[in-house]
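Data from final.pdb: PDB, C-alpha atoms
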```pdb
ATOM      1  CA  MET A   1      64.246  10.127 -23.583
ATOM      2  CA  THR A   2      61.106  10.228 -21.463
ATOM      3  CA  THR A   3      57.548  10.009 -22.693
ATOM      4  CA  SER A   4      54.185   9.115 -21.277
ATOM      5  CA  LYS A   5      53.181   7.209 -24.391
ATOM      6  CA  SER A   6      52.259   3.553 -24.219
ATOM      7  CA  LEU A   7      52.748   1.191 -27.123
ATOM      8  CA  SER A   8      52.568  -2.593 -27.121
ATOM      9  CA  VAL A   9      53.875  -4.810 -29.915
ATOM     10  CA  LEU A  10      52.516  -8.144 -31.155
ATOM     11  CA  ILE A  11      54.918 -10.537 -32.907
ATOM     12  CA  CYS A  12      52.925 -12.960 -35.067
ATOM     13  CA  SER A  13      54.017 -16.506 -35.871
ATOM     14  CA  ALA A  14      56.740 -15.864 -33.323
ATOM     15  CA  GLY A  15      58.282 -19.331 -33.388
ATOM     16  CA  ARG A  16      61.968 -19.062 -32.474
ATOM     17  CA  ARG A  17      62.261 -15.309 -33.085
ATOM     18  CA  VAL A  18      63.453 -14.458 -29.574
ATOM     19  CA  GLY A  19      66.042 -12.077 -31.009
ATOM     20  CA  LEU A  20      63.377 -10.065 -32.833
ATOM     21  CA  LEU A  21      61.217  -9.952 -29.714
ATOM     22  CA  SER A  22      64.199  -8.740 -27.673
ATOM     23  CA  SER A  23      64.918  -6.020 -30.242
ATOM     24  CA  PHE A  24      61.460  -4.540 -29.791
ATOM     25  CA  ARG A  25      61.622  -4.861 -26.019
ATOM     26  CA  THR A  26      64.954  -3.004 -25.931
ATOM     27  CA  SER A  27      63.705  -0.334 -28.321
ATOM     28  CA  LEU A  28      60.578   0.301 -26.247
ATOM     29  CA  ARG A  29      62.762   0.798 -23.200
ATOM     30  CA  ASP A  30      65.273   3.040 -24.976
ATOM     31  CA  LEU A  31      62.469   5.233 -26.327
ATOM     32  CA  GLY A  32      60.850   5.513 -22.911
ATOM     33  CA  LEU A  33      57.659   3.882 -24.159
ATOM     34  CA  GLU A  34      55.516   1.938 -21.754
ATOM     35  CA  GLY A  35      54.216  -1.261 -23.244
ATOM     36  CA  ARG A  36      54.656  -4.976 -23.632
ATOM     37  CA  VAL A  37      55.943  -7.264 -26.340
ATOM     38  CA  ILE A  38      53.489 -10.115 -26.765
ATOM     39  CA  ALA A  39      53.489 -12.999 -29.195
ATOM     40  CA  CYS A  40      51.213 -15.493 -30.883
ATOM     41  CA  ASP A  41      51.714 -18.794 -32.644
ATOM     42  CA  LEU A  42      49.823 -21.870 -33.742
ATOM     43  CA  ASP A  43      51.173 -23.676 -30.667
ATOM     44  CA  PRO A  44      52.502 -21.045 -28.249
ATOM     45  CA  GLY A  45      53.410 -23.689 -25.700
ATOM     46  CA  MET A  46      56.079 -24.969 -28.095
ATOM     47  CA  SER A  47      57.375 -21.539 -29.183
ATOM     48  CA  ALA A  48      60.543 -20.164 -27.579
ATOM     49  CA  ALA A  49      59.565 -16.598 -28.478
ATOM     50  CA  CYS A  50      56.130 -17.053 -26.930
ATOM     51  CA  ALA A  51      57.813 -18.345 -23.767
ATOM     52  CA  ALA A  52      59.998 -15.214 -23.685
ATOM     53  CA  ALA A  53      57.117 -12.809 -24.426
ATOM     54  CA  ASP A  54      55.159 -10.790 -21.868
ATOM     55  CA  ALA A  55      52.065 -12.740 -22.934
ATOM     56  CA  ALA A  56      51.327 -15.353 -25.586
ATOM     57  CA  PHE A  57      48.241 -16.452 -27.490
ATOM     58  CA  ALA A  58      47.210 -19.299 -29.764
ATOM     59  CA  VAL A  59      45.960 -18.422 -33.244
ATOM     60  CA  PRO A  60      44.833 -20.395 -36.328
ATOM     61  CA  ARG A  61      47.183 -21.094 -39.207
ATOM     62  CA  ALA A  62      47.954 -18.096 -41.382
ATOM     63  CA  THR A  63      46.062 -19.801 -44.222
ATOM     64  CA  ASP A  64      42.870 -20.032 -42.138
ATOM     65  CA  PRO A  65      40.143 -17.609 -43.337
ATOM     66  CA  GLY A  66      39.771 -16.338 -39.760
ATOM     67  CA  TYR A  67      43.466 -15.643 -39.195
ATOM     68  CA  ALA A  68      43.416 -11.842 -39.584
ATOM     69  CA  ALA A  69      40.275 -11.542 -37.443
ATOM     70  CA  ALA A  70      41.938 -13.581 -34.681
ATOM     71  CA  ILE A  71      44.964 -11.279 -34.740
ATOM     72  CA  LEU A  72      42.721  -8.213 -34.632
ATOM     73  CA  ASP A  73      40.842  -9.577 -31.621
ATOM     74  CA  ILE A  74      44.105 -10.069 -29.706
ATOM     75  CA  ALA A  75      45.415  -6.655 -30.731
ATOM     76  CA  ARG A  76      42.269  -4.895 -29.540
ATOM     77  CA  ALA A  77      42.105  -6.781 -26.253
ATOM     78  CA  GLU A  78      45.800  -6.200 -25.515
ATOM     79  CA  ARG A  79      45.872  -2.577 -26.737
ATOM     80  CA  VAL A  80      48.512  -3.312 -29.333
ATOM     81  CA  GLY A  81      49.800  -0.453 -31.478
ATOM     82  CA  LEU A  82      52.109  -2.367 -33.817
ATOM     83  CA  ILE A  83      51.784  -5.849 -35.307
ATOM     84  CA  VAL A  84      54.901  -7.496 -36.754
ATOM     85  CA  PRO A  85      54.432 -10.596 -38.947
ATOM     86  CA  ALA A  86      57.384 -12.985 -39.038
ATOM     87  CA  ILE A  87      56.570 -15.469 -41.827
ATOM     88  CA  ASP A  88      55.552 -15.149 -45.462
ATOM     89  CA  PRO A  89      52.127 -16.896 -45.490
ATOM     90  CA  GLU A  90      50.601 -14.337 -43.117
ATOM     91  CA  LEU A  91      51.654 -11.279 -45.139
ATOM     92  CA  LEU A  92      48.782 -11.258 -47.631
ATOM     93  CA  PRO A  93      45.887 -11.842 -45.193
ATOM     94  CA  LEU A  94      47.273  -9.138 -42.899
ATOM     95  CA  ALA A  95      47.884  -6.769 -45.816
ATOM     96  CA  GLN A  96      44.325  -7.244 -47.037
ATOM     97  CA  ALA A  97      42.996  -6.533 -43.537
ATOM     98  CA  ALA A  98      45.357  -3.610 -42.847
ATOM     99  CA  PRO A  99      42.638  -0.940 -43.349
ATOM    100  CA  GLU A 100      40.495  -2.594 -40.683
ATOM    101  CA  PHE A 101      43.464  -2.609 -38.295
ATOM    102  CA  ALA A 102      44.217   1.021 -39.118
ATOM    103  CA  ALA A 103      40.619   1.959 -38.316
ATOM    104  CA  ALA A 104      41.238   0.506 -34.847
ATOM    105  CA  GLY A 105      44.420   2.583 -34.468
ATOM    106  CA  ILE A 106      46.732  -0.387 -35.075
ATOM    107  CA  ARG A 107      49.575  -0.416 -37.575
ATOM    108  CA  VAL A 108      50.424  -3.692 -39.253
ATOM    109  CA  HIS A 109      54.012  -3.827 -40.448
ATOM    110  CA  VAL A 110      53.169  -4.986 -43.947
ATOM    111  CA  SER A 111      53.289  -3.538 -47.444
ATOM    112  CA  ALA A 112      50.249  -3.132 -49.695
ATOM    113  CA  PRO A 113      48.699  -6.284 -51.226
ATOM    114  CA  PRO A 114      50.125  -5.659 -54.740
ATOM    115  CA  VAL A 115      53.647  -5.749 -53.267
ATOM    116  CA  ILE A 116      52.928  -8.973 -51.403
ATOM    117  CA  ASP A 117      51.431 -10.506 -54.545
ATOM    118  CA  VAL A 118      54.749  -9.936 -56.324
ATOM    119  CA  VAL A 119      57.176 -11.035 -53.614
ATOM    120  CA  ARG A 120      55.168 -14.167 -52.770
ATOM    121  CA  ASP A 121      55.357 -15.317 -56.409
ATOM    122  CA  LYS A 122      58.983 -15.965 -57.353
ATOM    123  CA  SER A 123      58.229 -16.020 -61.065
ATOM    124  CA  GLU A 124      56.518 -12.630 -60.806
ATOM    125  CA  THR A 125      59.356 -11.329 -58.612
ATOM    126  CA  ALA A 126      61.890 -12.161 -61.318
ATOM    127  CA  ARG A 127      59.717 -10.590 -64.027
ATOM    128  CA  VAL A 128      59.030  -7.340 -62.158
ATOM    129  CA  LEU A 129      62.630  -6.865 -61.048
ATOM    130  CA  ASP A 130      64.024  -7.658 -64.493
ATOM    131  CA  ALA A 131      61.648  -5.137 -66.064
ATOM    132  CA  ALA A 132      62.971  -2.505 -63.646
ATOM    133  CA  GLY A 133      66.590  -3.257 -64.499
ATOM    134  CA  VAL A 134      67.368  -5.131 -61.281
ATOM    135  CA  PRO A 135      69.722  -8.066 -61.989
ATOM    136  CA  VAL A 136      68.045 -11.463 -61.551
ATOM    137  CA  PRO A 137      68.916 -14.974 -62.739
ATOM    138  CA  ARG A 138      67.236 -16.164 -65.897
ATOM    139  CA  THR A 139      63.936 -17.673 -64.825
ATOM    140  CA  LEU A 140      61.614 -20.114 -66.575
ATOM    141  CA  THR A 141      58.384 -21.847 -65.622
ATOM    142  CA  GLU A 142      58.199 -25.623 -65.861
ATOM    143  CA  ALA A 143      56.361 -25.414 -69.187
ATOM    144  CA  GLN A 144      58.948 -22.991 -70.584
ATOM    145  CA  LEU A 145      61.863 -25.160 -69.480
ATOM    146  CA  ARG A 146      60.397 -28.329 -70.955
ATOM    147  CA  ALA A 147      59.741 -26.505 -74.226
ATOM    148  CA  THR A 148      63.190 -24.864 -74.391
ATOM    149  CA  PRO A 149      65.694 -26.828 -72.285
ATOM    150  CA  ASP A 150      68.561 -24.708 -73.607
ATOM    151  CA  GLY A 151      66.979 -21.578 -72.156
ATOM    152  CA  LEU A 152      69.049 -22.040 -69.000
ATOM    153  CA  ARG A 153      72.533 -23.302 -68.315
ATOM    154  CA  TRP A 154      72.585 -26.736 -66.696
ATOM    155  CA  PRO A 155      72.500 -27.778 -63.909
ATOM    156  CA  VAL A 156      69.405 -25.699 -63.066
ATOM    157  CA  PHE A 157      68.060 -24.608 -59.700
ATOM    158  CA  ALA A 158      64.396 -25.363 -58.953
ATOM    159  CA  LYS A 159      62.089 -24.028 -56.258
ATOM    160  CA  PRO A 160      58.358 -23.643 -55.628
ATOM    161  CA  SER A 161      57.079 -20.361 -57.034
ATOM    162  CA  GLY A 162      55.210 -19.695 -53.786
ATOM    163  CA  GLY A 163      57.637 -21.378 -51.409
ATOM    164  CA  SER A 164      59.473 -20.027 -48.394
ATOM    165  CA  ALA A 165      61.916 -21.118 -45.691
ATOM    166  CA  SER A 166      64.031 -23.119 -48.202
ATOM    167  CA  ARG A 167      61.163 -25.548 -48.806
ATOM    168  CA  GLY A 168      61.229 -27.708 -51.936
ATOM    169  CA  LEU A 169      64.600 -26.592 -53.306
ATOM    170  CA  ALA A 170      66.273 -28.909 -55.814
ATOM    171  CA  VAL A 171      69.024 -29.031 -58.427
ATOM    172  CA  PHE A 172      68.658 -30.955 -61.712
ATOM    173  CA  ASP A 173      71.633 -31.828 -63.913
ATOM    174  CA  HIS A 174      69.718 -32.279 -67.170
ATOM    175  CA  ILE A 175      66.191 -32.135 -68.577
ATOM    176  CA  ASP A 176      65.683 -35.909 -68.309
ATOM    177  CA  ALA A 177      66.273 -35.700 -64.545
ATOM    178  CA  LEU A 178      63.042 -33.748 -64.045
ATOM    179  CA  PRO A 179      60.148 -35.800 -62.646
ATOM    180  CA  ASP A 180      57.081 -36.212 -64.813
ATOM    181  CA  SER A 181      55.246 -33.647 -62.683
ATOM    182  CA  PHE A 182      55.549 -31.540 -59.533
ATOM    183  CA  ASP A 183      53.085 -31.140 -56.661
ATOM    184  CA  GLU A 184      53.030 -27.346 -57.042
ATOM    185  CA  PRO A 185      54.055 -24.663 -59.557
ATOM    186  CA  MET A 186      57.838 -24.470 -59.861
ATOM    187  CA  ILE A 187      60.331 -22.039 -61.315
ATOM    188  CA  PHE A 188      63.737 -22.897 -62.721
ATOM    189  CA  GLN A 189      66.771 -20.634 -62.772
ATOM    190  CA  ASP A 190      70.410 -20.667 -63.710
ATOM    191  CA  ARG A 191      72.247 -22.231 -60.803
ATOM    192  CA  LEU A 192      74.344 -19.493 -59.250
ATOM    193  CA  THR A 193      77.604 -20.032 -57.411
ATOM    194  CA  GLY A 194      79.732 -17.620 -55.440
ATOM    195  CA  PRO A 195      79.478 -15.449 -52.324
ATOM    196  CA  GLU A 196      75.953 -14.996 -50.988
ATOM    197  CA  TYR A 197      74.660 -11.838 -49.328
ATOM    198  CA  THR A 198      71.524 -10.858 -47.466
ATOM    199  CA  ILE A 199      70.656  -7.175 -47.654
ATOM    200  CA  ASN A 200      68.366  -5.711 -44.987
ATOM    201  CA  MET A 201      66.653  -2.481 -46.017
ATOM    202  CA  PHE A 202      64.405   0.038 -44.293
ATOM    203  CA  VAL A 203      61.870   2.176 -46.158
ATOM    204  CA  ASP A 204      60.135   4.858 -44.104
ATOM    205  CA  ALA A 205      56.399   5.544 -44.027
ATOM    206  CA  GLU A 206      56.762   8.125 -46.794
ATOM    207  CA  GLY A 207      58.519   5.681 -49.124
ATOM    208  CA  ALA A 208      62.111   6.892 -48.751
ATOM    209  CA  LEU A 209      64.945   4.362 -48.585
ATOM    210  CA  ARG A 210      66.682   5.168 -45.303
ATOM    211  CA  CYS A 211      69.054   2.296 -44.687
ATOM    212  CA  VAL A 212      70.654  -0.614 -46.542
ATOM    213  CA  VAL A 213      72.744  -3.151 -44.600
ATOM    214  CA  PRO A 214      74.333  -5.997 -46.570
ATOM    215  CA  HIS A 215      75.901  -8.909 -44.773
ATOM    216  CA  LYS A 216      77.908 -11.712 -46.283
ATOM    217  CA  ARG A 217      76.492 -15.118 -45.407
ATOM    218  CA  LEU A 218      79.628 -16.890 -44.175
ATOM    219  CA  SER A 219      77.694 -19.957 -43.014
ATOM    220  CA  VAL A 220      74.038 -20.975 -43.372
ATOM    221  CA  ARG A 221      71.988 -23.499 -41.404
ATOM    222  CA  ALA A 222      68.379 -24.454 -42.175
ATOM    223  CA  GLY A 223      68.094 -21.560 -44.618
ATOM    224  CA  GLU A 224      69.148 -18.848 -42.126
ATOM    225  CA  VAL A 225      72.511 -17.187 -41.711
ATOM    226  CA  GLU A 226      74.562 -18.765 -38.920
ATOM    227  CA  LYS A 227      77.703 -16.677 -39.376
ATOM    228  CA  GLY A 228      77.701 -13.312 -41.117
ATOM    229  CA  ARG A 229      79.649 -10.091 -41.553
ATOM    230  CA  THR A 230      78.324  -6.675 -42.600
ATOM    231  CA  GLU A 231      79.878  -5.187 -45.721
ATOM    232  CA  ARG A 232      79.262  -1.637 -46.941
ATOM    233  CA  ARG A 233      78.894  -1.940 -50.714
ATOM    234  CA  LYS A 234      77.625   0.779 -53.009
ATOM    235  CA  ASP A 235      76.538  -1.715 -55.682
ATOM    236  CA  LEU A 236      74.255  -3.573 -53.254
ATOM    237  CA  HIS A 237      72.818  -0.265 -52.007
ATOM    238  CA  GLU A 238      71.995   0.628 -55.608
ATOM    239  CA  ILE A 239      70.240  -2.713 -56.096
ATOM    240  CA  ALA A 240      68.123  -2.003 -52.998
ATOM    241  CA  ALA A 241      67.172   1.345 -54.540
ATOM    242  CA  GLY A 242      66.243  -0.482 -57.750
ATOM    243  CA  ILE A 243      64.007  -2.876 -55.837
ATOM    244  CA  LEU A 244      62.182   0.077 -54.302
ATOM    245  CA  ARG A 245      61.717   1.593 -57.759
ATOM    246  CA  ALA A 246      60.288  -1.733 -58.939
ATOM    247  CA  LEU A 247      58.047  -1.966 -55.849
ATOM    248  CA  PRO A 248      57.272   1.676 -54.959
ATOM    249  CA  ASP A 249      54.676   0.699 -52.352
ATOM    250  CA  LEU A 250      57.184  -1.329 -50.328
ATOM    251  CA  ARG A 251      57.241  -0.044 -46.742
ATOM    252  CA  GLY A 252      59.099  -0.759 -43.538
ATOM    253  CA  VAL A 253      61.572  -3.623 -43.280
ATOM    254  CA  ALA A 254      62.453  -5.959 -46.131
ATOM    255  CA  CYS A 255      65.399  -8.123 -47.032
ATOM    256  CA  PHE A 256      66.662  -9.660 -50.228
ATOM    257  CA  GLN A 257      69.348 -12.160 -51.119
ATOM    258  CA  VAL A 258      71.916 -12.100 -53.900
ATOM    259  CA  ILE A 259      74.678 -14.335 -55.162
ATOM    260  CA  GLU A 260      77.755 -12.849 -56.807
ATOM    261  CA  ASP A 261      78.285 -15.397 -59.555
ATOM    262  CA  PRO A 262      81.714 -15.295 -61.274
ATOM    263  CA  GLU A 263      80.105 -15.531 -64.734
ATOM    264  CA  ILE A 264      76.710 -13.832 -64.361
ATOM    265  CA  GLY A 265      77.624 -11.263 -61.710
ATOM    266  CA  ILE A 266      75.300 -10.175 -58.908
ATOM    267  CA  ALA A 267      71.759 -11.528 -59.146
ATOM    268  CA  VAL A 268      68.791 -11.145 -56.784
ATOM    269  CA  PHE A 269      67.077 -14.472 -56.163
ATOM    270  CA  GLU A 270      64.831 -13.834 -53.140
ATOM    271  CA  ILE A 271      62.858 -10.994 -51.516
ATOM    272  CA  ASN A 272      61.105 -11.090 -48.149
ATOM    273  CA  ALA A 273      58.824  -8.139 -47.340
ATOM    274  CA  ARG A 274      59.329  -8.626 -43.593
ATOM    275  CA  PHE A 275      62.018  -8.959 -40.950
ATOM    276  CA  GLY A 276      64.475 -11.639 -42.057
ATOM    277  CA  GLY A 277      66.139 -14.165 -39.804
ATOM    278  CA  GLY A 278      69.462 -12.321 -40.016
ATOM    279  CA  TYR A 279      68.062  -8.969 -38.867
ATOM    280  CA  PRO A 280      69.764  -9.091 -35.422
ATOM    281  CA  LEU A 281      73.126  -8.596 -37.143
ATOM    282  CA  ALA A 282      71.896  -5.382 -38.785
ATOM    283  CA  GLU A 283      70.672  -4.133 -35.414
ATOM    284  CA  TYR A 284      73.957  -5.010 -33.733
ATOM    285  CA  ALA A 285      75.739  -3.027 -36.454
ATOM    286  CA  GLY A 286      73.670   0.045 -35.552
ATOM    287  CA  ALA A 287      70.633  -0.200 -37.831
ATOM    288  CA  SER A 288      67.761  -0.443 -35.364
ATOM    289  CA  PHE A 289      64.813  -1.067 -37.660
ATOM    290  CA  ALA A 290      62.668  -2.018 -34.659
ATOM    291  CA  ARG A 291      63.302   1.361 -33.033
ATOM    292  CA  TRP A 292      62.591   3.207 -36.270
ATOM    293  CA  LEU A 293      59.237   1.488 -36.691
ATOM    294  CA  LEU A 294      58.289   2.346 -33.121
ATOM    295  CA  GLU A 295      59.259   5.981 -33.695
ATOM    296  CA  GLU A 296      56.858   6.122 -36.646
ATOM    297  CA  VAL A 297      53.980   4.485 -34.808
ATOM    298  CA  ALA A 298      54.460   6.567 -31.642
ATOM    299  CA  ASP A 299      54.942   9.783 -33.650
ATOM    300  CA  LEU A 300      58.373  10.388 -32.137
ATOM    301  CA  PRO A 301      61.327  12.143 -33.780
ATOM    302  CA  ARG A 302      62.763   9.930 -36.518
ATOM    303  CA  SER A 303      66.328   8.666 -36.189
ATOM    304  CA  ALA A 304      66.634   6.330 -39.201
ATOM    305  CA  ASP A 305      69.979   6.697 -40.960
ATOM    306  CA  ASN A 306      72.567   4.668 -42.854
ATOM    307  CA  ALA A 307      75.378   5.034 -40.297
ATOM    308  CA  TRP A 308      75.841   1.365 -39.401
ATOM    309  CA  ARG A 309      79.178  -0.331 -38.734
ATOM    310  CA  ASP A 310      81.032  -2.120 -41.495
ATOM    311  CA  GLY A 311      82.655  -5.420 -40.495
ATOM    312  CA  ALA A 312      80.266  -6.309 -37.655
ATOM    313  CA  GLU A 313      80.057 -10.085 -37.238
ATOM    314  CA  MET A 314      77.460 -12.524 -35.960
ATOM    315  CA  LEU A 315      78.304 -16.045 -34.772
ATOM    316  CA  ARG A 316      75.072 -17.786 -33.846
ATOM    317  CA  TYR A 317      74.876 -20.593 -31.323
ATOM    318  CA  ASP A 318      72.196 -22.782 -29.803
ATOM    319  CA  ASP A 319      70.448 -21.747 -26.600
ATOM    320  CA  ALA A 320      67.321 -23.023 -24.880
ATOM    321  CA  ILE A 321      64.430 -22.091 -22.627
ATOM    322  CA  TYR A 322      63.820 -24.556 -19.784
ATOM    323  CA  ARG A 323      60.536 -25.109 -17.973
ATOM    324  CA  GLY A 324      58.954 -27.434 -15.476
TER     325      GLY A 324
END
```

Hey, can you dump this file as structure tokens for me?
Amino acid sequence: MTTSKSLSVLICSAGRRVGLLSSFRTSLRDLGLEGRVIACDLDPGMSAACAAADAAFAVPRATDPGYAAAILDIARAERVGLIVPAIDPELLPLAQAAPEFAAAGIRVHVSAPPVIDVVRDKSETARVLDAAGVPVPRTLTEAQLRATPDGLRWPVFAKPSGGSASRGLAVFDHIDALPDSFDEPMIFQDRLTGPEYTINMFVDAEGALRCVVPHKRLSVRAGEVEKGRTERRKDLHEIAAGILRALPDLRGVACFQVIEDPEIGIAVFEINARFGGGYPLAEYAGASFARWLLEEVADLPRSADNAWRDGAEMLRYDDAIYRG
């Protein structure tokens, strides 16, 4: 394909996401789009993805009131057409500022604020999905658990309601094992055991579910899949469709995680309304979400489909960027 269009991409909070950056770089080339893939981070000098980017910029923390404005300034100066957030804390400020970006001709890959409000609150996620008939583990707040300890089966799984990146996870064997208080709001769920899956899904700009790619998490390190294998499963596709019904304003790329518990069955315990760390496996299997986003932004013919390869495997290993 040849085109005279130019489109640059900005990966925010790029960190170690060299694979994601490479996906966009390859997709730009394959679509015949001129443009660069640039990155930003709190400390770009210590970010592998920033080192691999065509340009890199320092920005405030995502929780800083000026974060979205800093991203907009970079995007305008660098003629960026698509902004791709990579971590959860930046989703809401970018979603709230999305109309201002759109007025400047810049698409932010983020769903509407009401969607982010739900997925960033694990208690609300469980409530909204359960109400829509999506299977979730039984979920209680700290107050509910202390009032009705038999509301869950012990041991219970605990995590911060607003946490991410496997922060603050804990398992408690009985009610007396809970500390007197926690530093932040927590939720408690039935502890699930069994095979774990991440499901990457792509929803187009019109709200249609175009692709669902489950992979079995064969090995996990630091909260991200280290070894995985794609599996085509109708039941997991149907759960993805249920999540979209529960969150009809979800757009673009999202991923969710399930455990197939031998007693409870399949239960969704996490949703990320962004590219997940295991996305490169979905792309390798033939689901190029990066390309499909670029096609939308550049107003090119759409190629999103569900024709990915079953049984594709990913075996991650350590690599490094050397300087000096």

Would you kindly return, as a PDB file with C-alpha atoms, keeping the file's coordinate frame, each protein, DNA or RNA residue with an atom no farther than 9 Å from any atom of range 149-159 of chain A, considering all atoms listed in the file and excluding same-chain residues fewer than 6 positions away?
```
ATOM      1  CA  LYS A 122      58.983 -15.965 -57.353  1.00  0.00           C
ATOM      2  CA  ARG A 138      67.236 -16.164 -65.897  1.00  0.00           C
ATOM      3  CA  THR A 139      63.936 -17.673 -64.825  1.00  0.00           C
ATOM      4  CA  LEU A 140      61.614 -20.114 -66.575  1.00  0.00           C
ATOM      5  CA  SER A 166      64.031 -23.119 -48.202  1.00  0.00           C
ATOM      6  CA  ARG A 167      61.163 -25.548 -48.806  1.00  0.00           C
ATOM      7  CA  GLY A 168      61.229 -27.708 -51.936  1.00  0.00           C
ATOM      8  CA  LEU A 169      64.600 -26.592 -53.306  1.00  0.00           C
ATOM      9  CA  ALA A 170      66.273 -28.909 -55.814  1.00  0.00           C
ATOM     10  CA  VAL A 171      69.024 -29.031 -58.427  1.00  0.00           C
ATOM     11  CA  PHE A 172      68.658 -30.955 -61.712  1.00  0.00           C
ATOM     12  CA  ASP A 173      71.633 -31.828 -63.913  1.00  0.00           C
ATOM     13  CA  HIS A 174      69.718 -32.279 -67.170  1.00  0.00           C
ATOM     14  CA  ILE A 175      66.191 -32.135 -68.577  1.00  0.00           C
ATOM     15  CA  PRO A 185      54.055 -24.663 -59.557  1.00  0.00           C
ATOM     16  CA  MET A 186      57.838 -24.470 -59.861  1.00  0.00           C
ATOM     17  CA  ILE A 187      60.331 -22.039 -61.315  1.00  0.00           C
ATOM     18  CA  PHE A 188      63.737 -22.897 -62.721  1.00  0.00           C
ATOM     19  CA  GLN A 189      66.771 -20.634 -62.772  1.00  0.00           C
ATOM     20  CA  ASP A 190      70.410 -20.667 -63.710  1.00  0.00           C
ATOM     21  CA  ARG A 191      72.247 -22.231 -60.803  1.00  0.00           C
ATOM     22  CA  LEU A 192      74.344 -19.493 -59.250  1.00  0.00           C
TER      23      LEU A 192
END
```

Write out, as CSV, each residue of range 90-149 of chain A that has an atom at most 12 Å from range 54-69 of chain A, together with the closest pair of atoms and their distance in Å to one decimal, counting only C-alpha atoms, rows going by chain and rising number.
```
residue,atom,partner,partner_atom,distance
A:Glu90,CA,A:Ala62,CA,4.9
A:Leu91,CA,A:Ala62,CA,8.6
A:Leu92,CA,A:Ala62,CA,9.3
A:Pro93,CA,A:Ala68,CA,6.1
A:Leu94,CA,A:Ala68,CA,5.8
A:Ala95,CA,A:Ala68,CA,9.2
A:Gln96,CA,A:Ala68,CA,8.8
A:Ala97,CA,A:Ala68,CA,6.6
A:Ala98,CA,A:Ala68,CA,9.1
A:Pro99,CA,A:Ala68,CA,11.6
A:Glu100,CA,A:Ala69,CA,9.5
A:Phe101,CA,A:Ala68,CA,9.3
A:Val108,CA,A:Ala68,CA,10.8
```

Once the PyMOL selection byres ((chain A and resi 114-117) around 12) is applied to the coordinates I shared, what remains selected? I want it as a PyMOL selection string. chain A and resi 88-96+110-113+118-125+128-129+161-162+243-251+254+271-274

Residue by residue, what does the PyMOL selection byres ((chain A and resi 238) around 12) grab here? Present the result as an mmCIF file with C-alpha atoms, keeping the file's coordinate frame.
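And here's expr_25.cif as it stands now:
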```
data_model
loop_
_atom_site.group_PDB
_atom_site.id
_atom_site.type_symbol
_atom_site.label_atom_id
_atom_site.label_comp_id
_atom_site.auth_asym_id
_atom_site.auth_seq_id
_atom_site.Cartn_x
_atom_site.Cartn_y
_atom_site.Cartn_z
ATOM 1 C CA GLY A 133 66.590 -3.257 -64.499
ATOM 2 C CA VAL A 134 67.368 -5.131 -61.281
ATOM 3 C CA PRO A 135 69.722 -8.066 -61.989
ATOM 4 C CA ILE A 199 70.656 -7.175 -47.654
ATOM 5 C CA MET A 201 66.653 -2.481 -46.017
ATOM 6 C CA LEU A 209 64.945 4.362 -48.585
ATOM 7 C CA CYS A 211 69.054 2.296 -44.687
ATOM 8 C CA VAL A 212 70.654 -0.614 -46.542
ATOM 9 C CA VAL A 213 72.744 -3.151 -44.600
ATOM 10 C CA PRO A 214 74.333 -5.997 -46.570
ATOM 11 C CA ARG A 232 79.262 -1.637 -46.941
ATOM 12 C CA ARG A 233 78.894 -1.940 -50.714
ATOM 13 C CA LYS A 234 77.625 0.779 -53.009
ATOM 14 C CA ASP A 235 76.538 -1.715 -55.682
ATOM 15 C CA LEU A 236 74.255 -3.573 -53.254
ATOM 16 C CA HIS A 237 72.818 -0.265 -52.007
ATOM 17 C CA ILE A 239 70.240 -2.713 -56.096
ATOM 18 C CA ALA A 240 68.123 -2.003 -52.998
ATOM 19 C CA ALA A 241 67.172 1.345 -54.540
ATOM 20 C CA GLY A 242 66.243 -0.482 -57.750
ATOM 21 C CA ILE A 243 64.007 -2.876 -55.837
ATOM 22 C CA LEU A 244 62.182 0.077 -54.302
ATOM 23 C CA ARG A 245 61.717 1.593 -57.759
ATOM 24 C CA ILE A 266 75.300 -10.175 -58.908
#
```

For CA of Asp73 in chain A and CA of Ala48 in chain A, the interatomic separation in Å (one decimal):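 For CA of Asp73 in chain A relative to CA of Ala48 in chain A, the distance reads 22.7 Å.
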
Step by step, work through what the PyMOL selection byres ((chain A and resi 293) around 10) selects in the shown file, and finish by giving those residues as a PyMOL selection string. chain A and resi 24+27+82+84+107+109+202-205+252-253+288-292+294-299+302+304

Restrict the selected residues to C-alpha atoms and save them as a short mmCIF file (atom, residue, chain, number, x, y, z; two decimals), keeping the file's coordinate frame.
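Output (part36.cif):
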```cif
data_model
loop_
_atom_site.label_atom_id
_atom_site.label_comp_id
_atom_site.auth_asym_id
_atom_site.auth_seq_id
_atom_site.Cartn_x
_atom_site.Cartn_y
_atom_site.Cartn_z
CA PHE A 24 61.46 -4.54 -29.79
CA SER A 27 63.70 -0.33 -28.32
CA LEU A 82 52.11 -2.37 -33.82
CA VAL A 84 54.90 -7.50 -36.75
CA ARG A 107 49.58 -0.42 -37.58
CA HIS A 109 54.01 -3.83 -40.45
CA PHE A 202 64.40 0.04 -44.29
CA VAL A 203 61.87 2.18 -46.16
CA ASP A 204 60.14 4.86 -44.10
CA ALA A 205 56.40 5.54 -44.03
CA GLY A 252 59.10 -0.76 -43.54
CA VAL A 253 61.57 -3.62 -43.28
CA SER A 288 67.76 -0.44 -35.36
CA PHE A 289 64.81 -1.07 -37.66
CA ALA A 290 62.67 -2.02 -34.66
CA ARG A 291 63.30 1.36 -33.03
CA TRP A 292 62.59 3.21 -36.27
CA LEU A 294 58.29 2.35 -33.12
CA GLU A 295 59.26 5.98 -33.70
CA GLU A 296 56.86 6.12 -36.65
CA VAL A 297 53.98 4.49 -34.81
CA ALA A 298 54.46 6.57 -31.64
CA ASP A 299 54.94 9.78 -33.65
CA ARG A 302 62.76 9.93 -36.52
CA ALA A 304 66.63 6.33 -39.20
#
```
